[in-house]
$ cat upload_6.pdb   # PDB, C-alpha atoms (C1' of nucleotides)
ATOM      1  CA  MET J  18     -10.284 252.140  41.985
ATOM      2  CA  THR J  19     -10.297 255.570  40.376
ATOM      3  CA  THR J  20      -8.606 255.354  37.021
ATOM      4  CA  ASN J  21      -9.308 258.948  36.144
ATOM      5  CA  ASP J  22      -7.147 259.369  33.046
ATOM      6  CA  ASP J  23      -7.514 257.379  29.824
ATOM      7  CA  THR J  24      -5.282 254.517  30.923
ATOM      8  CA  LEU J  25      -6.507 251.034  31.820
ATOM      9  CA  THR J  26      -5.640 248.484  34.468
ATOM     10  CA  ILE J  27      -4.401 245.061  33.477
ATOM     11  CA  GLN J  28      -7.801 243.590  34.299
ATOM     12  CA  GLN J  29      -9.573 246.075  32.053
ATOM     13  CA  VAL J  30      -7.190 245.387  29.189
ATOM     14  CA  ALA J  31      -7.685 241.648  29.640
ATOM     15  CA  GLU J  32     -11.436 242.118  29.342
ATOM     16  CA  THR J  33     -11.339 244.430  26.362
ATOM     17  CA  ILE J  34      -8.979 242.442  24.172
ATOM     18  CA  GLY J  35      -9.637 238.900  25.370
ATOM     19  CA  LEU J  36      -6.253 237.918  26.758
ATOM     20  CA  SER J  37      -5.835 236.801  30.378
ATOM     21  CA  VAL J  38      -3.948 238.986  32.841
ATOM     22  CA  HIS J  39      -1.416 236.156  33.042
ATOM     23  CA  THR J  40      -0.891 236.309  29.319
ATOM     24  CA  LEU J  41      -0.555 240.090  29.352
ATOM     25  CA  ARG J  42       2.275 239.892  31.898
ATOM     26  CA  TYR J  43       3.796 236.978  29.989
ATOM     27  CA  TYR J  44       3.789 238.985  26.763
ATOM     28  CA  GLU J  45       5.559 241.832  28.521
ATOM     29  CA  ARG J  46       8.094 239.458  30.085
ATOM     30  CA  ILE J  47       9.062 237.954  26.742
ATOM     31  CA  GLY J  48       9.300 241.321  25.032
ATOM     32  CA  LEU J  49       6.181 241.307  22.902
ATOM     33  CA  ILE J  50       5.390 244.675  24.438
ATOM     34  CA  HIS J  51       7.610 247.286  26.088
ATOM     35  CA  PRO J  52       7.562 247.546  29.914
ATOM     36  CA  ILE J  53       4.200 249.093  30.728
ATOM     37  CA  ASN J  54       4.158 252.370  32.667
ATOM     38  CA  ARG J  55       3.264 252.024  36.329
ATOM     39  CA  ALA J  56       0.983 253.999  38.617
ATOM     40  CA  ALA J  57       2.375 255.223  41.959
ATOM     41  CA  ASN J  58       1.383 251.886  43.527
ATOM     42  CA  THR J  59       3.484 249.905  40.986
ATOM     43  CA  HIS J  60       0.359 248.710  39.135
ATOM     44  CA  ARG J  61       0.485 248.676  35.348
ATOM     45  CA  ARG J  62      -1.435 251.385  33.482
ATOM     46  CA  TYR J  63      -2.005 250.629  29.812
ATOM     47  CA  THR J  64      -2.372 253.475  27.313
ATOM     48  CA  GLN J  65      -4.649 253.285  24.285
ATOM     49  CA  ASP J  66      -1.537 252.750  22.170
ATOM     50  CA  ASP J  67      -0.558 249.788  24.316
ATOM     51  CA  VAL J  68      -4.028 248.324  23.909
ATOM     52  CA  GLY J  69      -3.885 248.857  20.158
ATOM     53  CA  TRP J  70      -0.563 247.079  19.924
ATOM     54  CA  LEU J  71      -1.775 244.163  22.067
ATOM     55  CA  ASP J  72      -4.858 243.931  19.916
ATOM     56  CA  PHE J  73      -2.681 243.683  16.832
ATOM     57  CA  LEU J  74      -0.476 241.035  18.472
ATOM     58  CA  ASN J  75      -3.632 239.119  19.289
ATOM     59  CA  LYS J  76      -4.659 239.197  15.635
ATOM     60  CA  LEU J  77      -1.240 237.995  14.535
ATOM     61  CA  ARG J  78      -1.584 235.062  16.943
ATOM     62  CA  ALA J  79      -5.155 234.328  15.862
ATOM     63  CA  THR J  80      -3.919 234.077  12.290
ATOM     64  CA  GLY J  81      -1.173 231.648  13.206
ATOM     65  CA  MET J  82       1.955 233.728  13.677
ATOM     66  CA  SER J  83       4.300 232.151  16.228
ATOM     67  CA  ILE J  84       5.445 233.903  19.376
ATOM     68  CA  ARG J  85       8.985 233.851  18.014
ATOM     69  CA  GLN J  86       7.944 235.711  14.882
ATOM     70  CA  MET J  87       5.979 238.227  16.886
ATOM     71  CA  GLN J  88       9.034 238.803  19.074
ATOM     72  CA  ALA J  89      11.076 239.562  15.972
ATOM     73  CA  TYR J  90       8.383 241.924  14.716
ATOM     74  CA  ALA J  91       8.087 243.663  18.096
ATOM     75  CA  GLN J  92      11.829 244.203  18.225
ATOM     76  CA  LEU J  93      11.834 245.788  14.776
ATOM     77  CA  GLN J  94       8.919 247.967  15.795
ATOM     78  CA  ARG J  95      10.859 249.253  18.795
ATOM     79  CA  GLN J  96      13.830 250.097  16.586
ATOM     80  CA  GLY J  97      11.751 252.714  14.812
ATOM     81  CA  ASP J  98      11.090 253.774  11.259
ATOM     82  CA  ALA J  99      14.377 252.471   9.893
ATOM     83  CA  THR J 100      12.956 248.954  10.145
ATOM     84  CA  LEU J 101       9.787 249.742   8.193
ATOM     85  CA  PRO J 102      10.874 247.844   5.059
ATOM     86  CA  GLU J 103      11.638 244.725   7.105
ATOM     87  CA  ARG J 104       8.305 244.932   8.897
ATOM     88  CA  ILE J 105       6.436 245.367   5.628
ATOM     89  CA  GLU J 106       8.229 242.297   4.329
ATOM     90  CA  MET J 107       7.280 240.282   7.421
ATOM     91  CA  LEU J 108       3.665 241.307   7.066
ATOM     92  CA  LYS J 109       3.669 240.331   3.411
ATOM     93  CA  VAL J 110       5.170 236.932   4.205
ATOM     94  CA  HIS J 111       2.586 236.395   6.899
ATOM     95  CA  ARG J 112      -0.157 237.465   4.507
ATOM     96  CA  ARG J 113       1.006 234.845   2.024
ATOM     97  CA  ASP J 114       0.976 232.229   4.795
ATOM     98  CA  VAL J 115      -2.542 233.194   5.802
ATOM     99  CA  GLU J 116      -3.719 233.099   2.201
ATOM    100  CA  ALA J 117      -2.162 229.660   1.757
ATOM    101  CA  HIS J 118      -3.899 228.507   4.903
ATOM    102  CA  MET J 119      -7.202 229.834   3.593
ATOM    103  CA  ASP J 120      -6.696 227.802   0.435
ATOM    104  CA  VAL J 121      -6.282 224.676   2.547
ATOM    105  CA  LEU J 122      -9.433 225.525   4.476
ATOM    106  CA  ARG J 123     -11.394 226.121   1.281
ATOM    107  CA  GLU J 124     -10.272 222.780  -0.122
ATOM    108  CA  PHE J 125     -11.330 221.114   3.089
ATOM    109  CA  LEU J 126     -14.747 222.758   3.021
ATOM    110  CA  LYS J 127     -15.308 221.408  -0.475
ATOM    111  CA  LEU J 128     -14.318 217.911   0.630
ATOM    112  CA  ILE J 129     -16.467 218.052   3.720
ATOM    113  CA  HIS J 130     -19.378 219.225   1.619
ATOM    114  CA  TYR J 131     -19.187 216.129  -0.579
ATOM    115  CA  LYS J 132     -18.632 213.899   2.410
ATOM    116  CA  ILE J 133     -21.657 215.203   4.271
ATOM    117  CA  ASP J 134     -23.781 214.917   1.141
ATOM    118  CA  TYR J 135     -22.638 211.343   0.675
ATOM    119  CA  TYR J 136     -23.285 210.400   4.286
ATOM    120  CA  GLU J 137     -26.713 212.026   4.255
ATOM    121  CA  GLY J 138     -27.455 210.089   1.089
ATOM    122  CA  LEU J 139     -26.607 206.849   2.867
ATOM    123  CA  LEU J 140     -28.736 207.896   5.785
ATOM    124  CA  ALA J 141     -31.783 208.704   3.620
ATOM    125  CA  GLU J 142     -31.406 205.335   1.908
ATOM    126  CA  ALA J 143     -31.298 203.492   5.198
ATOM    127  CA  GLU J 144     -34.375 205.346   6.368
ATOM    128  CA  SER J 145     -36.427 204.621   3.282
ATOM    129  CA  GLU J 146     -35.533 200.948   3.587
ATOM    130  CA  ALA J 147     -36.676 201.003   7.170
ATOM    131  CA  VAL J 148     -39.991 202.455   6.018
ATOM    132  CA  LEU J 149     -40.393 199.697   3.427
ATOM    133  CA  GLU J 150     -39.680 197.042   6.023
ATOM    134  CA  GLY J 151     -42.237 198.649   8.310
ATOM    135  CA  SER J 152     -45.019 198.409   5.665
TER     136      SER J 152
ATOM    137  CA  MET Z  21      12.172 195.609  -0.249
ATOM    138  CA  THR Z  22       9.626 193.901  -2.504
ATOM    139  CA  THR Z  23       6.202 195.185  -1.680
ATOM    140  CA  ASN Z  24       4.508 193.320  -4.466
ATOM    141  CA  ASP Z  25       0.847 193.837  -3.556
ATOM    142  CA  ASP Z  26      -0.865 197.224  -3.316
ATOM    143  CA  THR Z  27       0.084 197.811   0.320
ATOM    144  CA  LEU Z  28       2.634 200.360   1.493
ATOM    145  CA  THR Z  29       5.338 200.401   4.148
ATOM    146  CA  ILE Z  30       5.208 202.970   6.926
ATOM    147  CA  GLN Z  31       7.961 204.949   5.205
ATOM    148  CA  GLN Z  32       6.033 205.071   1.949
ATOM    149  CA  VAL Z  33       2.893 206.198   3.715
ATOM    150  CA  ALA Z  34       4.846 208.873   5.544
ATOM    151  CA  GLU Z  35       6.132 210.206   2.240
ATOM    152  CA  THR Z  36       2.821 210.115   0.417
ATOM    153  CA  ILE Z  37       0.694 211.834   3.048
ATOM    154  CA  GLY Z  38       3.262 214.008   4.768
ATOM    155  CA  LEU Z  39       3.208 212.619   8.301
ATOM    156  CA  SER Z  40       6.390 211.256   9.944
ATOM    157  CA  VAL Z  41       6.713 207.545  10.653
ATOM    158  CA  HIS Z  42       6.783 208.491  14.338
ATOM    159  CA  THR Z  43       3.467 210.236  13.957
ATOM    160  CA  LEU Z  44       1.943 207.310  12.072
ATOM    161  CA  ARG Z  45       2.813 204.929  14.912
ATOM    162  CA  TYR Z  46       1.638 207.515  17.416
ATOM    163  CA  TYR Z  47      -1.721 207.827  15.654
ATOM    164  CA  GLU Z  48      -2.144 204.071  15.785
ATOM    165  CA  ARG Z  49      -1.146 203.937  19.456
ATOM    166  CA  ILE Z  50      -3.753 206.507  20.471
ATOM    167  CA  GLY Z  51      -6.477 204.889  18.421
ATOM    168  CA  LEU Z  52      -6.804 207.324  15.545
ATOM    169  CA  ILE Z  53      -6.440 204.334  13.279
ATOM    170  CA  HIS Z  54      -7.062 200.602  13.859
ATOM    171  CA  PRO Z  55      -4.026 198.327  14.363
ATOM    172  CA  ILE Z  56      -2.396 198.076  10.941
ATOM    173  CA  ASN Z  57      -1.980 194.629   9.373
ATOM    174  CA  ARG Z  58       1.526 193.210   9.565
ATOM    175  CA  ALA Z  59       3.702 191.431   7.028
ATOM    176  CA  ALA Z  60       5.356 188.141   8.082
ATOM    177  CA  ASN Z  61       8.278 190.129   9.500
ATOM    178  CA  THR Z  62       5.997 192.139  11.819
ATOM    179  CA  HIS Z  63       6.341 195.264   9.680
ATOM    180  CA  ARG Z  64       3.220 197.327   9.067
ATOM    181  CA  ARG Z  65       1.588 197.156   5.651
ATOM    182  CA  TYR Z  66      -0.887 199.946   4.945
ATOM    183  CA  THR Z  67      -3.802 199.396   2.564
ATOM    184  CA  GLN Z  68      -5.153 202.122   0.279
ATOM    185  CA  ASP Z  69      -8.085 202.431   2.677
ATOM    186  CA  ASP Z  70      -5.691 203.027   5.556
ATOM    187  CA  VAL Z  71      -3.921 205.707   3.554
ATOM    188  CA  GLY Z  72      -7.243 207.332   2.673
ATOM    189  CA  TRP Z  73      -8.279 207.448   6.295
ATOM    190  CA  LEU Z  74      -4.912 208.861   7.396
ATOM    191  CA  ASP Z  75      -5.178 211.464   4.690
ATOM    192  CA  PHE Z  76      -8.571 212.474   5.984
ATOM    193  CA  LEU Z  77      -7.261 212.628   9.561
ATOM    194  CA  ASN Z  78      -4.456 214.823   8.308
ATOM    195  CA  LYS Z  79      -6.974 217.196   6.766
ATOM    196  CA  LEU Z  80      -8.979 217.340   9.961
ATOM    197  CA  ARG Z  81      -5.789 218.277  11.839
ATOM    198  CA  ALA Z  82      -4.776 220.817   9.205
ATOM    199  CA  THR Z  83      -8.127 222.508   9.647
ATOM    200  CA  GLY Z  84      -7.743 222.704  13.391
ATOM    201  CA  MET Z  85      -9.557 219.677  14.796
ATOM    202  CA  SER Z  86      -7.967 218.498  18.052
ATOM    203  CA  ILE Z  87      -6.600 214.991  18.527
ATOM    204  CA  ARG Z  88      -9.279 214.402  21.148
ATOM    205  CA  GLN Z  89     -12.035 215.202  18.665
ATOM    206  CA  MET Z  90     -10.456 213.023  16.045
ATOM    207  CA  GLN Z  91     -10.296 210.177  18.551
ATOM    208  CA  ALA Z  92     -14.010 210.542  19.170
ATOM    209  CA  TYR Z  93     -14.685 210.581  15.436
ATOM    210  CA  ALA Z  94     -12.465 207.537  14.828
ATOM    211  CA  GLN Z  95     -14.256 205.605  17.532
ATOM    212  CA  LEU Z  96     -17.644 206.366  15.981
ATOM    213  CA  GLN Z  97     -16.309 205.339  12.597
ATOM    214  CA  ARG Z  98     -15.226 201.972  13.980
ATOM    215  CA  GLN Z  99     -18.687 201.428  15.444
ATOM    216  CA  GLY Z 100     -20.145 201.350  11.948
ATOM    217  CA  ASP Z 101     -23.124 202.826  10.160
ATOM    218  CA  ALA Z 102     -25.228 203.211  13.280
ATOM    219  CA  THR Z 103     -23.076 206.202  14.196
ATOM    220  CA  LEU Z 104     -23.508 207.975  10.860
ATOM    221  CA  PRO Z 105     -25.823 210.698  12.238
ATOM    222  CA  GLU Z 106     -23.358 211.509  14.994
ATOM    223  CA  ARG Z 107     -20.482 211.687  12.561
ATOM    224  CA  ILE Z 108     -22.414 213.929  10.211
ATOM    225  CA  GLU Z 109     -23.144 216.188  13.163
ATOM    226  CA  MET Z 110     -19.456 216.307  14.136
ATOM    227  CA  LEU Z 111     -18.463 217.183  10.598
ATOM    228  CA  LYS Z 112     -21.070 219.940  10.485
ATOM    229  CA  VAL Z 113     -19.844 221.393  13.760
ATOM    230  CA  HIS Z 114     -16.287 221.299  12.503
ATOM    231  CA  ARG Z 115     -17.360 222.935   9.252
ATOM    232  CA  ARG Z 116     -18.919 225.775  11.217
ATOM    233  CA  ASP Z 117     -15.688 226.159  13.186
ATOM    234  CA  VAL Z 118     -13.624 226.254  10.019
ATOM    235  CA  GLU Z 119     -15.952 228.807   8.446
ATOM    236  CA  ALA Z 120     -15.717 230.965  11.569
ATOM    237  CA  HIS Z 121     -11.943 230.717  11.420
ATOM    238  CA  MET Z 122     -12.004 231.757   7.766
ATOM    239  CA  ASP Z 123     -13.999 234.839   8.732
ATOM    240  CA  VAL Z 124     -11.277 235.779  11.207
ATOM    241  CA  LEU Z 125      -8.607 235.266   8.566
ATOM    242  CA  ARG Z 126     -10.517 237.369   6.041
ATOM    243  CA  GLU Z 127     -10.857 240.202   8.563
ATOM    244  CA  PHE Z 128      -7.146 240.009   9.244
ATOM    245  CA  LEU Z 129      -6.274 240.129   5.555
ATOM    246  CA  LYS Z 130      -8.309 243.309   5.208
ATOM    247  CA  LEU Z 131      -6.496 244.882   8.157
ATOM    248  CA  ILE Z 132      -3.094 243.814   6.908
ATOM    249  CA  HIS Z 133      -3.920 245.235   3.522
ATOM    250  CA  TYR Z 134      -4.543 248.677   4.980
ATOM    251  CA  LYS Z 135      -1.536 248.405   7.244
ATOM    252  CA  ILE Z 136       0.823 247.527   4.418
ATOM    253  CA  ASP Z 137      -0.614 250.325   2.281
ATOM    254  CA  TYR Z 138      -0.099 252.768   5.119
ATOM    255  CA  TYR Z 139       3.460 251.641   5.796
ATOM    256  CA  GLU Z 140       4.356 251.747   2.126
ATOM    257  CA  GLY Z 141       2.913 255.259   2.011
ATOM    258  CA  LEU Z 142       5.222 256.283   4.852
ATOM    259  CA  LEU Z 143       8.108 254.674   3.080
ATOM    260  CA  ALA Z 144       7.428 256.451  -0.205
ATOM    261  CA  GLU Z 145       7.179 259.742   1.684
ATOM    262  CA  ALA Z 146      10.500 259.187   3.401
ATOM    263  CA  GLU Z 147      12.107 258.354   0.081
ATOM    264  CA  SER Z 148      10.831 261.436  -1.706
ATOM    265  CA  GLU Z 149      12.086 263.600   1.145
ATOM    266  CA  ALA Z 150      15.481 261.971   0.835
ATOM    267  CA  VAL Z 151      15.472 262.844  -2.838
ATOM    268  CA  LEU Z 152      14.616 266.481  -2.073
ATOM    269  CA  GLU Z 153      17.407 266.686   0.461
ATOM    270  CA  GLY Z 154      19.749 265.188  -2.066
ATOM    271  CA  SER Z 155      18.978 267.920  -4.635
TER     272      SER Z 155
ATOM    273  C1'  DA X  21      -8.168 247.993  62.966
ATOM    274  C1'  DC X  22      -9.377 244.758  59.752
ATOM    275  C1'  DT X  23     -10.990 242.626  55.751
ATOM    276  C1'  DT X  24     -11.328 242.524  50.861
ATOM    277  C1'  DG X  25      -9.702 242.488  46.398
ATOM    278  C1'  DA X  26      -6.693 243.986  42.816
ATOM    279  C1'  DC X  27      -2.400 244.062  41.974
ATOM    280  C1'  DT X  28       2.954 242.566  42.163
ATOM    281  C1'  DT X  29       7.010 238.991  41.476
ATOM    282  C1'  DA X  30       9.769 234.743  40.325
ATOM    283  C1'  DG X  31       9.341 230.587  39.143
ATOM    284  C1'  DA X  32       6.922 226.155  38.771
ATOM    285  C1'  DG X  33       3.372 223.471  36.381
ATOM    286  C1'  DT X  34       0.214 222.120  32.498
ATOM    287  C1'  DG X  35      -1.777 220.467  28.040
ATOM    288  C1'  DT X  36      -1.119 219.402  23.364
ATOM    289  C1'  DA X  37       1.020 217.059  19.887
ATOM    290  C1'  DC X  38       4.363 215.233  18.620
ATOM    291  C1'  DT X  39       9.464 213.538  18.353
ATOM    292  C1'  DC X  40      13.153 210.983  19.639
ATOM    293  C1'  DT X  41      16.017 207.237  21.946
ATOM    294  C1'  DA X  42      17.728 202.734  22.942
ATOM    295  C1'  DA X  43      17.772 198.233  22.182
ATOM    296  C1'  DG X  44      16.487 194.696  19.328
ATOM    297  C1'  DT X  45      14.832 192.013  14.864
ATOM    298  C1'  DT X  46      14.783 190.987  10.052
ATOM    299  C1'  DG X  47      15.868 190.737   5.094
ATOM    300  C1'  DT X  48      18.784 191.904   1.334
ATOM    301  C1'  DA X  49      23.359 193.101  -0.900
ATOM    302  C1'  DG X  50      28.292 192.546  -1.261
TER     303       DG X  50
ATOM    304  C1'  DC C   6      29.655 186.101   6.888
ATOM    305  C1'  DT C   7      28.918 190.672   7.536
ATOM    306  C1'  DA C   8      27.252 195.117   6.924
ATOM    307  C1'  DC C   9      23.399 197.887   6.314
ATOM    308  C1'  DA C  10      18.874 199.744   6.107
ATOM    309  C1'  DA C  11      14.255 199.434   7.481
ATOM    310  C1'  DC C  12      11.594 198.146  10.635
ATOM    311  C1'  DT C  13       9.895 197.039  15.777
ATOM    312  C1'  DT C  14       8.829 198.414  20.961
ATOM    313  C1'  DA C  15       8.207 201.052  25.420
ATOM    314  C1'  DG C  16       8.938 204.926  27.233
ATOM    315  C1'  DA C  17      11.446 209.344  27.718
ATOM    316  C1'  DG C  18      12.069 214.005  25.963
ATOM    317  C1'  DT C  19      10.836 218.332  23.544
ATOM    318  C1'  DA C  20       8.603 222.700  21.847
ATOM    319  C1'  DC C  21       5.174 225.778  22.320
ATOM    320  C1'  DA C  22       2.188 228.796  24.603
ATOM    321  C1'  DC C  23       0.440 229.638  28.120
ATOM    322  C1'  DT C  24      -1.405 229.157  33.147
ATOM    323  C1'  DC C  25      -1.009 228.927  37.790
ATOM    324  C1'  DT C  26       1.023 229.314  42.626
ATOM    325  C1'  DA C  27       2.871 231.387  46.673
ATOM    326  C1'  DA C  28       4.002 235.095  49.087
ATOM    327  C1'  DG C  29       3.645 239.698  49.399
ATOM    328  C1'  DT C  30       2.091 244.969  48.792
ATOM    329  C1'  DC C  31      -1.313 248.361  48.834
ATOM    330  C1'  DA C  32      -5.629 251.241  48.877
ATOM    331  C1'  DA C  33     -10.418 251.457  49.902
ATOM    332  C1'  DG C  34     -14.493 250.242  52.576
ATOM    333  C1'  DT C  35     -16.840 249.002  57.272
TER     334       DT C  35
END

$ encode --input "upload_6.pdb" --output "C-alpha cells"
Amino acid sequence: MTTNDDTLTIQQVAETIGLSVHTLRYYERIGLIHPINRAANTHRRYTQDDVGWLDFLNKLRATGMSIRQMQAYAQLQRQGDATLPERIEMLKVHRRDVEAHMDVLREFLKLIHYKIDYYEGLLAEAESEAVLEGS
Amino acid sequence: MTTNDDTLTIQQVAETIGLSVHTLRYYERIGLIHPINRAANTHRRYTQDDVGWLDFLNKLRATGMSIRQMQAYAQLQRQGDATLPERIEMLKVHRRDVEAHMDVLREFLKLIHYKIDYYEGLLAEAESEAVLEGS
DNA sequence: ACTTGACTTAGAGTGTACTCTAAGTTGTAG
DNA sequence: CTACAACTTAGAGTACACTCTAAGTCAAGT
C-alpha cells in the first residue's frame, strides 16, 4: 500500500483520530463530512483538512453535541462564509451547554467528596471497634 | 389526594427530582431502588429516604455513570455496611472518570475559545471591507 | 495462479435508556 | 351515579449512535 502523497486511508484516519472505519463511513453517509475523494481503486483518501474536520467533529461529540446538531453545523460549514455568524452562535450555545455541564460535574465532585469522607469515617470507626473487641 | 404523612406520590417525586413517572417505575423494575411501599390502594408512597436515594442515582446518571454500574452500586448498598469498602472504591473510580471528563471539557473550551475568536476576527474583517466598499 | 488483506456497498442488527400503550382499578368531586 | 384524574401492570415501541454482515472488487506478494 503506497500512499505516497499526504493523504490517508480510512484505516489510518481511524487510528489517528480514534473513530472506527465504520463510524467514518457512517459520518460521511449522514453528511457530517463531504464525500471523500477517491483513489483510482475507489478507496477513500483523506486529506489533512478532512482529518482536521473529523477531529473537530469528534471533539463536539465528546463534549455532548448530538449528531443532529453536528449535521446542522456541517451543513452551514459547507455553505461557506455567509453562515459564519450562525456557526459562531452555535458554538457559543454549545459552549454555554458545556459550561453548564461542568457546573453539574463540579457540584457532583463536591458531593462525592463529602460522601467518601463520611463513608471512610464510618469505616475507620468500625475498624477501631474491631480492634477494641480483639484486645 | 390527601397524602397526610411525609410520603410522596410517584407524581410528586417525579416533579421534585426531575425524573418521569415512567422512569421511576423503570428504576424500581430494574432494581435501582427497592420495591416502594404501597398505600392501601396499591399506589406507591415514597419516603424522604427513597427520594434522597433517587436524587443520588440521578446525580450518578447526570455525571455519566451507566445503569449497569448503578445497579451494581444499588445491590451493594442493599447488602449493608459490609460492602462499604467496595462502594467507596466505586465512588472513587467514578470520581476519577468524572475528573477525566472535566479535563476533556476544559480542553474543548480552550479550543472553542480560540475558534470563536478566529471566526469573529474573520467576521470583523469582512465587515470593515464592506464599509470600505460602501464608501 | 492464488491467497491475503484492505477496501467497497446497502442494509440489517445492537445496546442503552428510556418512553409509551392498553387495559384496568381506585378515590374524590359534582 | 357518573365523570375524572391518578394510579397500576406487562409488555411493546422509540431514539440515538453506532456496529456489523454479506457479497464483492482490487492490488500486492509468493

$ resolve_selection --input "upload_6.pdb" --expression "the PyMOL selection byres ((chain Z) within 9 of (chain X))" --output "list in words"
Met21, His42, Thr43, Tyr46, Asn61, Ser86 and Ile87 of chain Z

$ atom_distance --input "upload_6.pdb" --atom1 "CA of Val33 in chain Z" --atom2 "CA of Ala59 in chain Z"
15.2 Å

$ interface_residues --input "upload_6.pdb" --of "chain J" --to "chain Z" --cutoff "10 Å" --atoms "only C-alpha atoms" --output "PyMOL selection string"
chain J and resi 73+76-77+79-81+98-99+101-102+104-106+108-109+111-113+115-116+118-126+128-130+132-137+139-140+143

$ resolve_selection --input "upload_6.pdb" --expression "the PyMOL selection byres ((chain Z) within 12 of (chain C))" --output "list in words"
Met21, Thr29, Ile30, Gln31, Gln32, Val41, His42, Arg45, Arg49, Arg58, Ala59, Asn61, Thr62, His63, Arg64 and Arg65 of chain Z

$ resolve_selection --input "upload_6.pdb" --expression "the PyMOL selection byres ((chain Z and resi 35-38) around 8)" --output "ChimeraX atom specification"
/Z:31-34,39-40,71,74-75,78

$ write_last_selection --input "upload_6.pdb" --atoms "C-alpha atoms" --output "mmCIF file, in the coordinates of the input"
data_model
loop_
_atom_site.group_PDB
_atom_site.id
_atom_site.type_symbol
_atom_site.label_atom_id
_atom_site.label_comp_id
_atom_site.auth_asym_id
_atom_site.auth_seq_id
_atom_site.Cartn_x
_atom_site.Cartn_y
_atom_site.Cartn_z
ATOM 1 C CA GLN Z 31 7.961 204.949 5.205
ATOM 2 C CA GLN Z 32 6.033 205.071 1.949
ATOM 3 C CA VAL Z 33 2.893 206.198 3.715
ATOM 4 C CA ALA Z 34 4.846 208.873 5.544
ATOM 5 C CA LEU Z 39 3.208 212.619 8.301
ATOM 6 C CA SER Z 40 6.390 211.256 9.944
ATOM 7 C CA VAL Z 71 -3.921 205.707 3.554
ATOM 8 C CA LEU Z 74 -4.912 208.861 7.396
ATOM 9 C CA ASP Z 75 -5.178 211.464 4.690
ATOM 10 C CA ASN Z 78 -4.456 214.823 8.308
#

$ decode --input "upload_6.pdb" --residues "range 31-44 of chain X" --atoms "N, CA, C and O atoms (P, O5', C5', C4', C3', O3' and C1' of nucleotides)" --output "compact mmCIF listing (two decimals), in the first residue's frame"
# COMPACT_ATOMS: atom_id res chain seq x y z
P DG X 31 -30.60 -0.64 0.07
O5' DG X 31 -30.56 -1.52 1.40
C5' DG X 31 -30.19 -2.90 1.32
C4' DG X 31 -29.92 -3.41 2.71
C3' DG X 31 -30.95 -3.00 3.77
O3' DG X 31 -31.26 -4.14 4.54
C1' DG X 31 -28.81 -2.62 4.55
P DA X 32 -32.70 -4.28 5.25
O5' DA X 32 -32.39 -5.43 6.32
C5' DA X 32 -31.38 -6.41 6.05
C4' DA X 32 -30.58 -6.67 7.30
C3' DA X 32 -31.42 -6.71 8.58
O3' DA X 32 -31.07 -7.88 9.30
C1' DA X 32 -29.61 -5.20 8.83
P DG X 33 -31.82 -8.28 10.65
O5' DG X 33 -30.74 -7.80 11.73
C5' DG X 33 -29.36 -8.20 11.58
C4' DG X 33 -28.59 -7.72 12.78
C3' DG X 33 -29.36 -7.84 14.09
O3' DG X 33 -28.49 -8.42 15.05
C1' DG X 33 -28.62 -5.59 13.77
P DT X 34 -28.94 -8.67 16.57
O5' DT X 34 -28.25 -7.42 17.26
C5' DT X 34 -26.84 -7.20 17.09
C4' DT X 34 -26.40 -6.10 18.03
C3' DT X 34 -27.02 -6.18 19.42
O3' DT X 34 -25.95 -6.24 20.35
C1' DT X 34 -27.26 -3.99 18.51
P DG X 35 -26.26 -6.63 21.89
O5' DG X 35 -26.19 -5.19 22.56
C5' DG X 35 -25.01 -4.40 22.36
C4' DG X 35 -25.16 -3.11 23.11
C3' DG X 35 -25.81 -3.23 24.48
O3' DG X 35 -25.05 -2.41 25.35
C1' DG X 35 -27.05 -1.72 23.14
P DT X 36 -25.37 -2.40 26.94
O5' DT X 36 -26.07 -0.98 27.10
C5' DT X 36 -25.49 0.16 26.48
C4' DT X 36 -26.41 1.31 26.64
C3' DT X 36 -27.20 1.33 27.96
O3' DT X 36 -26.85 2.52 28.65
C1' DT X 36 -28.61 1.78 26.09
P DA X 37 -27.33 2.71 30.17
O5' DA X 37 -28.67 3.53 29.96
C5' DA X 37 -28.65 4.71 29.15
C4' DA X 37 -30.05 5.18 28.93
C3' DA X 37 -30.96 5.11 30.18
O3' DA X 37 -31.68 6.34 30.30
C1' DA X 37 -32.01 4.10 28.38
P DC X 38 -32.24 6.75 31.76
O5' DC X 38 -33.62 5.94 31.89
C5' DC X 38 -34.86 6.51 31.50
C4' DC X 38 -34.93 6.67 29.99
C3' DC X 38 -36.22 7.27 29.50
O3' DC X 38 -35.95 8.21 28.47
C1' DC X 38 -35.87 5.20 28.44
P DT X 39 -36.85 9.47 28.26
O5' DT X 39 -38.24 8.84 27.79
C5' DT X 39 -38.46 8.60 26.41
C4' DT X 39 -39.75 7.87 26.20
C3' DT X 39 -40.97 8.44 26.94
O3' DT X 39 -41.80 9.00 25.96
C1' DT X 39 -40.96 6.06 26.91
P DC X 40 -43.20 9.68 26.23
O5' DC X 40 -44.20 8.54 25.72
C5' DC X 40 -43.87 7.83 24.52
C4' DC X 40 -44.72 6.58 24.44
C3' DC X 40 -46.20 6.79 24.79
O3' DC X 40 -46.94 6.54 23.62
C1' DC X 40 -45.32 4.82 25.80
P DT X 41 -48.52 6.75 23.61
O5' DT X 41 -49.04 5.24 23.76
C5' DT X 41 -48.46 4.21 22.97
C4' DT X 41 -49.19 2.91 23.25
C3' DT X 41 -50.69 3.08 23.53
O3' DT X 41 -51.38 2.13 22.74
C1' DT X 41 -49.66 1.90 25.30
P DA X 42 -52.95 2.24 22.53
O5' DA X 42 -53.49 0.99 23.37
C5' DA X 42 -52.74 -0.23 23.36
C4' DA X 42 -53.34 -1.16 24.38
C3' DA X 42 -54.83 -0.93 24.64
O3' DA X 42 -55.45 -2.20 24.82
C1' DA X 42 -53.65 -0.64 26.64
P DA X 43 -57.07 -2.27 24.81
O5' DA X 43 -57.33 -2.96 26.22
C5' DA X 43 -56.38 -3.89 26.76
C4' DA X 43 -56.54 -3.90 28.26
C3' DA X 43 -57.98 -3.63 28.73
O3' DA X 43 -58.37 -4.62 29.66
C1' DA X 43 -56.47 -2.22 29.86
P DG X 44 -59.87 -4.61 30.27
O5' DG X 44 -59.60 -4.24 31.80
C5' DG X 44 -58.55 -4.93 32.50
C4' DG X 44 -58.21 -4.15 33.74
C3' DG X 44 -59.41 -3.73 34.59
O3' DG X 44 -59.34 -4.34 35.87
C1' DG X 44 -57.83 -2.00 34.38
